[in-house]
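Below is coords00.pdb, which holds PDB, C-alpha atoms, pLDDT in the B column.
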ATOM      1  CA  MET A 277    -184.051 -31.340-240.027  1.00 80.00           C
ATOM      2  CA  PRO A 278    -185.766 -29.228-237.356  1.00 89.00           C
ATOM      3  CA  TYR A 279    -189.300 -27.962-237.598  1.00 95.00           C
ATOM      4  CA  ILE A 280    -189.677 -24.179-237.672  1.00 96.00           C
ATOM      5  CA  LEU A 281    -192.844 -23.251-235.790  1.00 96.00           C
ATOM      6  CA  ILE A 282    -194.188 -19.684-235.903  1.00 97.00           C
ATOM      7  CA  PHE A 283    -196.713 -18.231-233.456  1.00 98.00           C
ATOM      8  CA  LYS A 284    -198.543 -14.966-232.838  1.00 98.00           C
ATOM      9  CA  THR A 285    -198.309 -14.023-229.143  1.00 98.00           C
ATOM     10  CA  ASN A 286    -198.723 -11.123-226.751  1.00 98.00           C
ATOM     11  CA  ILE A 287    -195.271 -11.574-225.197  1.00 97.00           C
ATOM     12  CA  GLU A 288    -193.875  -8.105-224.545  1.00 95.00           C
ATOM     13  CA  HIS A 289    -191.641  -7.860-221.495  1.00 95.00           C
ATOM     14  CA  GLU A 290    -188.326  -9.242-220.288  1.00 94.00           C
ATOM     15  CA  LEU A 291    -190.117 -11.135-217.497  1.00 94.00           C
ATOM     16  CA  ASP A 292    -192.242 -12.861-220.154  1.00 95.00           C
ATOM     17  CA  LEU A 293    -189.057 -14.107-221.822  1.00 96.00           C
ATOM     18  CA  PHE A 294    -187.794 -15.566-218.541  1.00 95.00           C
ATOM     19  CA  GLN A 295    -191.043 -17.493-218.141  1.00 95.00           C
ATOM     20  CA  LEU A 296    -190.692 -18.863-221.673  1.00 96.00           C
ATOM     21  CA  GLU A 297    -187.088 -19.817-221.027  1.00 96.00           C
ATOM     22  CA  ASP A 298    -188.146 -21.850-217.976  1.00 95.00           C
ATOM     23  CA  LEU A 299    -190.898 -23.483-220.016  1.00 95.00           C
ATOM     24  CA  PHE A 300    -188.777 -24.356-223.049  1.00 95.00           C
ATOM     25  CA  LYS A 301    -185.851 -25.798-221.122  1.00 94.00           C
ATOM     26  CA  ASN A 302    -188.292 -28.491-219.949  1.00 92.00           C
ATOM     27  CA  ILE A 303    -189.136 -29.456-223.547  1.00 91.00           C
ATOM     28  CA  PRO A 304    -185.954 -31.192-224.774  1.00 92.00           C
ATOM     29  CA  SER A 305    -187.021 -31.268-228.437  1.00 93.00           C
ATOM     30  CA  ILE A 306    -186.872 -27.442-228.623  1.00 95.00           C
ATOM     31  CA  THR A 307    -183.425 -26.477-229.842  1.00 95.00           C
ATOM     32  CA  ASN A 308    -183.839 -22.716-230.281  1.00 96.00           C
ATOM     33  CA  TRP A 309    -186.454 -19.996-229.909  1.00 97.00           C
ATOM     34  CA  ASN A 310    -186.876 -16.231-230.024  1.00 97.00           C
ATOM     35  CA  VAL A 311    -189.583 -13.583-229.826  1.00 98.00           C
ATOM     36  CA  ASP A 312    -189.705 -10.505-232.060  1.00 98.00           C
ATOM     37  CA  ARG A 313    -191.213  -8.105-229.540  1.00 97.00           C
ATOM     38  CA  GLU A 314    -191.022  -5.243-232.067  1.00 96.00           C
ATOM     39  CA  ASP A 315    -193.401  -7.005-234.478  1.00 97.00           C
ATOM     40  CA  VAL A 316    -197.118  -6.207-234.162  1.00 97.00           C
ATOM     41  CA  ASP A 317    -197.811  -9.955-233.723  1.00 97.00           C
ATOM     42  CA  LYS A 318    -194.995 -10.458-231.152  1.00 98.00           C
ATOM     43  CA  VAL A 319    -193.854 -13.391-233.281  1.00 98.00           C
ATOM     44  CA  LEU A 320    -192.466 -16.416-231.456  1.00 98.00           C
ATOM     45  CA  ARG A 321    -190.229 -18.594-233.633  1.00 98.00           C
ATOM     46  CA  VAL A 322    -189.412 -22.058-232.309  1.00 97.00           C
ATOM     47  CA  GLU A 323    -186.996 -24.613-233.758  1.00 97.00           C
ATOM     48  CA  SER A 324    -187.962 -28.099-232.630  1.00 96.00           C
ATOM     49  CA  LEU A 325    -186.949 -31.660-233.428  1.00 96.00           C
ATOM     50  CA  ASN A 326    -190.653 -32.576-233.318  1.00 94.00           C
ATOM     51  CA  ASN A 327    -193.813 -30.885-234.508  1.00 94.00           C
ATOM     52  CA  LYS A 328    -194.987 -29.747-231.054  1.00 87.00           C
ATOM     53  CA  VAL A 329    -197.462 -27.043-232.132  1.00 94.00           C
ATOM     54  CA  THR A 330    -200.313 -28.168-229.874  1.00 95.00           C
ATOM     55  CA  GLU A 331    -198.043 -28.710-226.851  1.00 94.00           C
ATOM     56  CA  ILE A 332    -196.388 -25.299-227.271  1.00 95.00           C
ATOM     57  CA  ILE A 333    -199.695 -23.455-227.676  1.00 97.00           C
ATOM     58  CA  SER A 334    -201.186 -25.204-224.656  1.00 96.00           C
ATOM     59  CA  SER A 335    -198.119 -24.578-222.483  1.00 95.00           C
ATOM     60  CA  ILE A 336    -197.917 -20.875-223.372  1.00 97.00           C
ATOM     61  CA  LYS A 337    -201.656 -20.381-222.830  1.00 97.00           C
ATOM     62  CA  ASN A 338    -201.285 -22.053-219.416  1.00 96.00           C
ATOM     63  CA  LEU A 339    -198.809 -19.281-218.547  1.00 96.00           C
ATOM     64  CA  GLY A 340    -201.552 -16.758-219.359  1.00 96.00           C
ATOM     65  CA  TYR A 341    -200.376 -15.581-222.781  1.00 97.00           C
ATOM     66  CA  LEU A 342    -202.045 -15.484-226.168  1.00 98.00           C
ATOM     67  CA  CYS A 343    -200.559 -18.013-228.595  1.00 98.00           C
ATOM     68  CA  GLU A 344    -201.792 -18.908-232.080  1.00 98.00           C
ATOM     69  CA  GLU A 345    -199.957 -20.661-234.871  1.00 97.00           C
ATOM     70  CA  LEU A 346    -199.183 -18.440-237.859  1.00 95.00           C
ATOM     71  CA  LYS A 347    -199.512 -20.320-241.135  1.00 84.00           C
ATOM     72  CA  ASP A 348    -197.697 -19.426-244.361  1.00 68.00           C
TER
END

Since I need it in another form, could you write the structure as structure tokens?
Amino acid sequence: MPYILIFKTNIEHELDLFQLEDLFKNIPSITNWNVDREDVDKVLRVESLNNKVTEIISSIKNLGYLCEELKD
């Protein structure tokens, strides 16, 4: 059963999505992801085989974006 990880980001543009795609294809446990750029929180939803919250946040911040986990 995959983990569903939800993050608040500032990802807005098509170029941002390409950078995320490059990042996530190097993390084999991530099976699917998407960003709701229409949402005020620019919500990133990640499906992962492992609970990689810290790794994802760190990797996205290293690209220069805001990334915080959204809790229920």

Length of the atom CA of A:Asn326 to atom CA of A:Glu290 vector [Å] =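 Between atom CA of A:Asn326 and atom CA of A:Glu290 the gap works out to 26.8 Å.
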
Leaving out A:Met277 and any residue of its chain fewer than 2 positions from it, which residues lie within 12 Å of it when counting all atoms listed in the file, given as a list in words?
->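 Contacts, with the query itself left out: Tyr279, Ile280, Ser305, Thr307, Glu323, Ser324, Leu325, Asn326 and Asn327 of chain A.
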
Go through A:Lys318, A:Asn302, A:Trp309, A:Leu346 one by one, measure the shortest atom-to-atom distance of each to A:His289 using all atoms listed in the file, and give the residue with the smallest value.
->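 When distances to A:His289 are compared using all atoms listed in the file, the smallest one comes from A:Lys318.
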
Residue contacts of A:Leu339 (9 Å, all atoms listed in the file) excluding same-chain residues fewer than 4 positions away, as a PyMOL selection string = chain A and resi 295-296+334-335

Do you have the atom CA of A:Lys347-atom CA of A:Lys284 distance handy?
-> 9.9 Å

Point (-202.1, -11.2, -229.4), cut-off 10 Å, counting all atoms listed in the file, residues as a PyMOL selection string = chain A and resi 283-287+316-319+341-344

Quick one: distance from atom CA of A:Lys328 to atom CA of A:Val311 in Å, one decimal?
->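 Separation of atom CA of A:Lys328 and atom CA of A:Val311: 17.1 Å.
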
Selected residue of minimal separation from A:Val329 among A:Arg313, A:Leu291, A:Glu345, A:Phe300, counting only C-alpha atoms |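 Using only C-alpha atoms, the shortest distance to A:Val329 belongs to A:Glu345.
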
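Closest approach to A:Glu331 from the set A:Pro278, A:Asp292, A:Ile303, A:Asp298 is made by A:Ile303, with distances taken over all atoms listed in the file.
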
Test item: axis-aligned box, all listed atoms of stretch 285-295 of chain A, 4 Å on each side, centre and edges in Å rounded to one decimal, as AutoDock Vina command-line options:
--center_x -193.3 --center_y -12.7 --center_z -223.3 --size_x 18.9 --size_y 17.6 --size_z 19.6

Slice of the block: chain A, C-alpha atoms, as a tab-separated table (two decimals), in the first residue's frame:
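That gives us part.tsv:
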chain	number	residue	atom	x	y	z
A	277	MET	CA	0.00	0.00	0.00
A	278	PRO	CA	1.61	3.30	-1.04
A	279	TYR	CA	2.01	6.27	1.23
A	280	ILE	CA	0.14	9.40	0.16
A	281	LEU	CA	2.25	12.43	1.07
A	282	ILE	CA	0.80	15.95	0.82
A	283	PHE	CA	2.86	19.15	0.74
A	284	LYS	CA	2.31	22.90	0.54
A	285	THR	CA	4.63	24.41	-2.09
A	286	ASN	CA	5.16	27.49	-4.22
A	287	ILE	CA	5.40	25.53	-7.48
A	288	GLU	CA	3.63	27.57	-10.15
A	289	HIS	CA	5.11	27.22	-13.62
A	290	GLU	CA	5.60	24.52	-16.23
A	291	LEU	CA	9.39	24.79	-15.82
A	292	ASP	CA	8.94	24.02	-12.11
A	293	LEU	CA	7.15	20.79	-13.04
A	294	PHE	CA	10.03	19.74	-15.30
A	295	GLN	CA	12.47	20.23	-12.44
A	296	LEU	CA	10.29	18.09	-10.18
A	297	GLU	CA	10.02	15.42	-12.84
A	298	ASP	CA	13.82	15.21	-13.06
A	299	LEU	CA	14.03	15.04	-9.28
A	300	PHE	CA	11.36	12.38	-8.78
A	301	LYS	CA	12.58	10.04	-11.50
A	302	ASN	CA	15.74	9.66	-9.39
A	303	ILE	CA	13.72	8.51	-6.36
A	304	PRO	CA	12.53	5.01	-7.36
A	305	SER	CA	10.08	4.66	-4.46
A	306	ILE	CA	7.91	7.49	-5.87
A	307	THR	CA	5.25	5.94	-8.06
A	308	ASN	CA	3.12	8.99	-8.88
A	309	TRP	CA	2.94	12.71	-8.17
A	310	ASN	CA	1.06	15.84	-9.18
A	311	VAL	CA	0.81	19.52	-8.27
A	312	ASP	CA	-2.48	21.42	-8.04
A	313	ARG	CA	-1.21	24.78	-9.25
A	314	GLU	CA	-4.73	26.26	-9.00
A	315	ASP	CA	-4.87	25.68	-5.23
A	316	VAL	CA	-3.73	28.53	-2.97
A	317	ASP	CA	-1.21	26.14	-1.34
A	318	LYS	CA	0.07	24.75	-4.69
A	319	VAL	CA	-0.49	21.29	-3.23
A	320	LEU	CA	2.00	18.59	-4.19
A	321	ARG	CA	0.63	15.06	-3.79
A	322	VAL	CA	3.16	12.23	-3.87
A	323	GLU	CA	2.49	8.48	-3.88
A	324	SER	CA	5.50	6.62	-2.54
A	325	LEU	CA	6.35	3.07	-1.52
A	326	ASN	CA	8.21	4.54	1.47
A	327	ASN	CA	7.52	7.39	3.85
A	328	LYS	CA	10.05	9.81	2.33
A	329	VAL	CA	8.69	13.08	3.77
A	330	THR	CA	12.03	14.42	4.99
A	331	GLU	CA	13.88	13.43	1.79
A	332	ILE	CA	11.22	15.01	-0.44
A	333	ILE	CA	11.12	18.26	1.55
A	334	SER	CA	14.90	18.52	1.56
A	335	SER	CA	15.20	17.77	-2.16
A	336	ILE	CA	12.53	20.30	-3.16
A	337	LYS	CA	14.02	22.99	-0.90
A	338	ASN	CA	17.42	22.32	-2.51
A	339	LEU	CA	15.80	23.25	-5.84
A	340	GLY	CA	14.84	26.60	-4.29
A	341	TYR	CA	11.14	25.98	-3.63
A	342	LEU	CA	9.03	26.18	-0.51
A	343	CYS	CA	7.90	22.76	0.71
A	344	GLU	CA	6.07	21.91	3.93
A	345	GLU	CA	4.14	18.79	4.82
A	346	LEU	CA	0.39	19.33	5.15
A	347	LYS	CA	-1.09	17.24	7.95
A	348	ASP	CA	-4.71	16.08	8.13
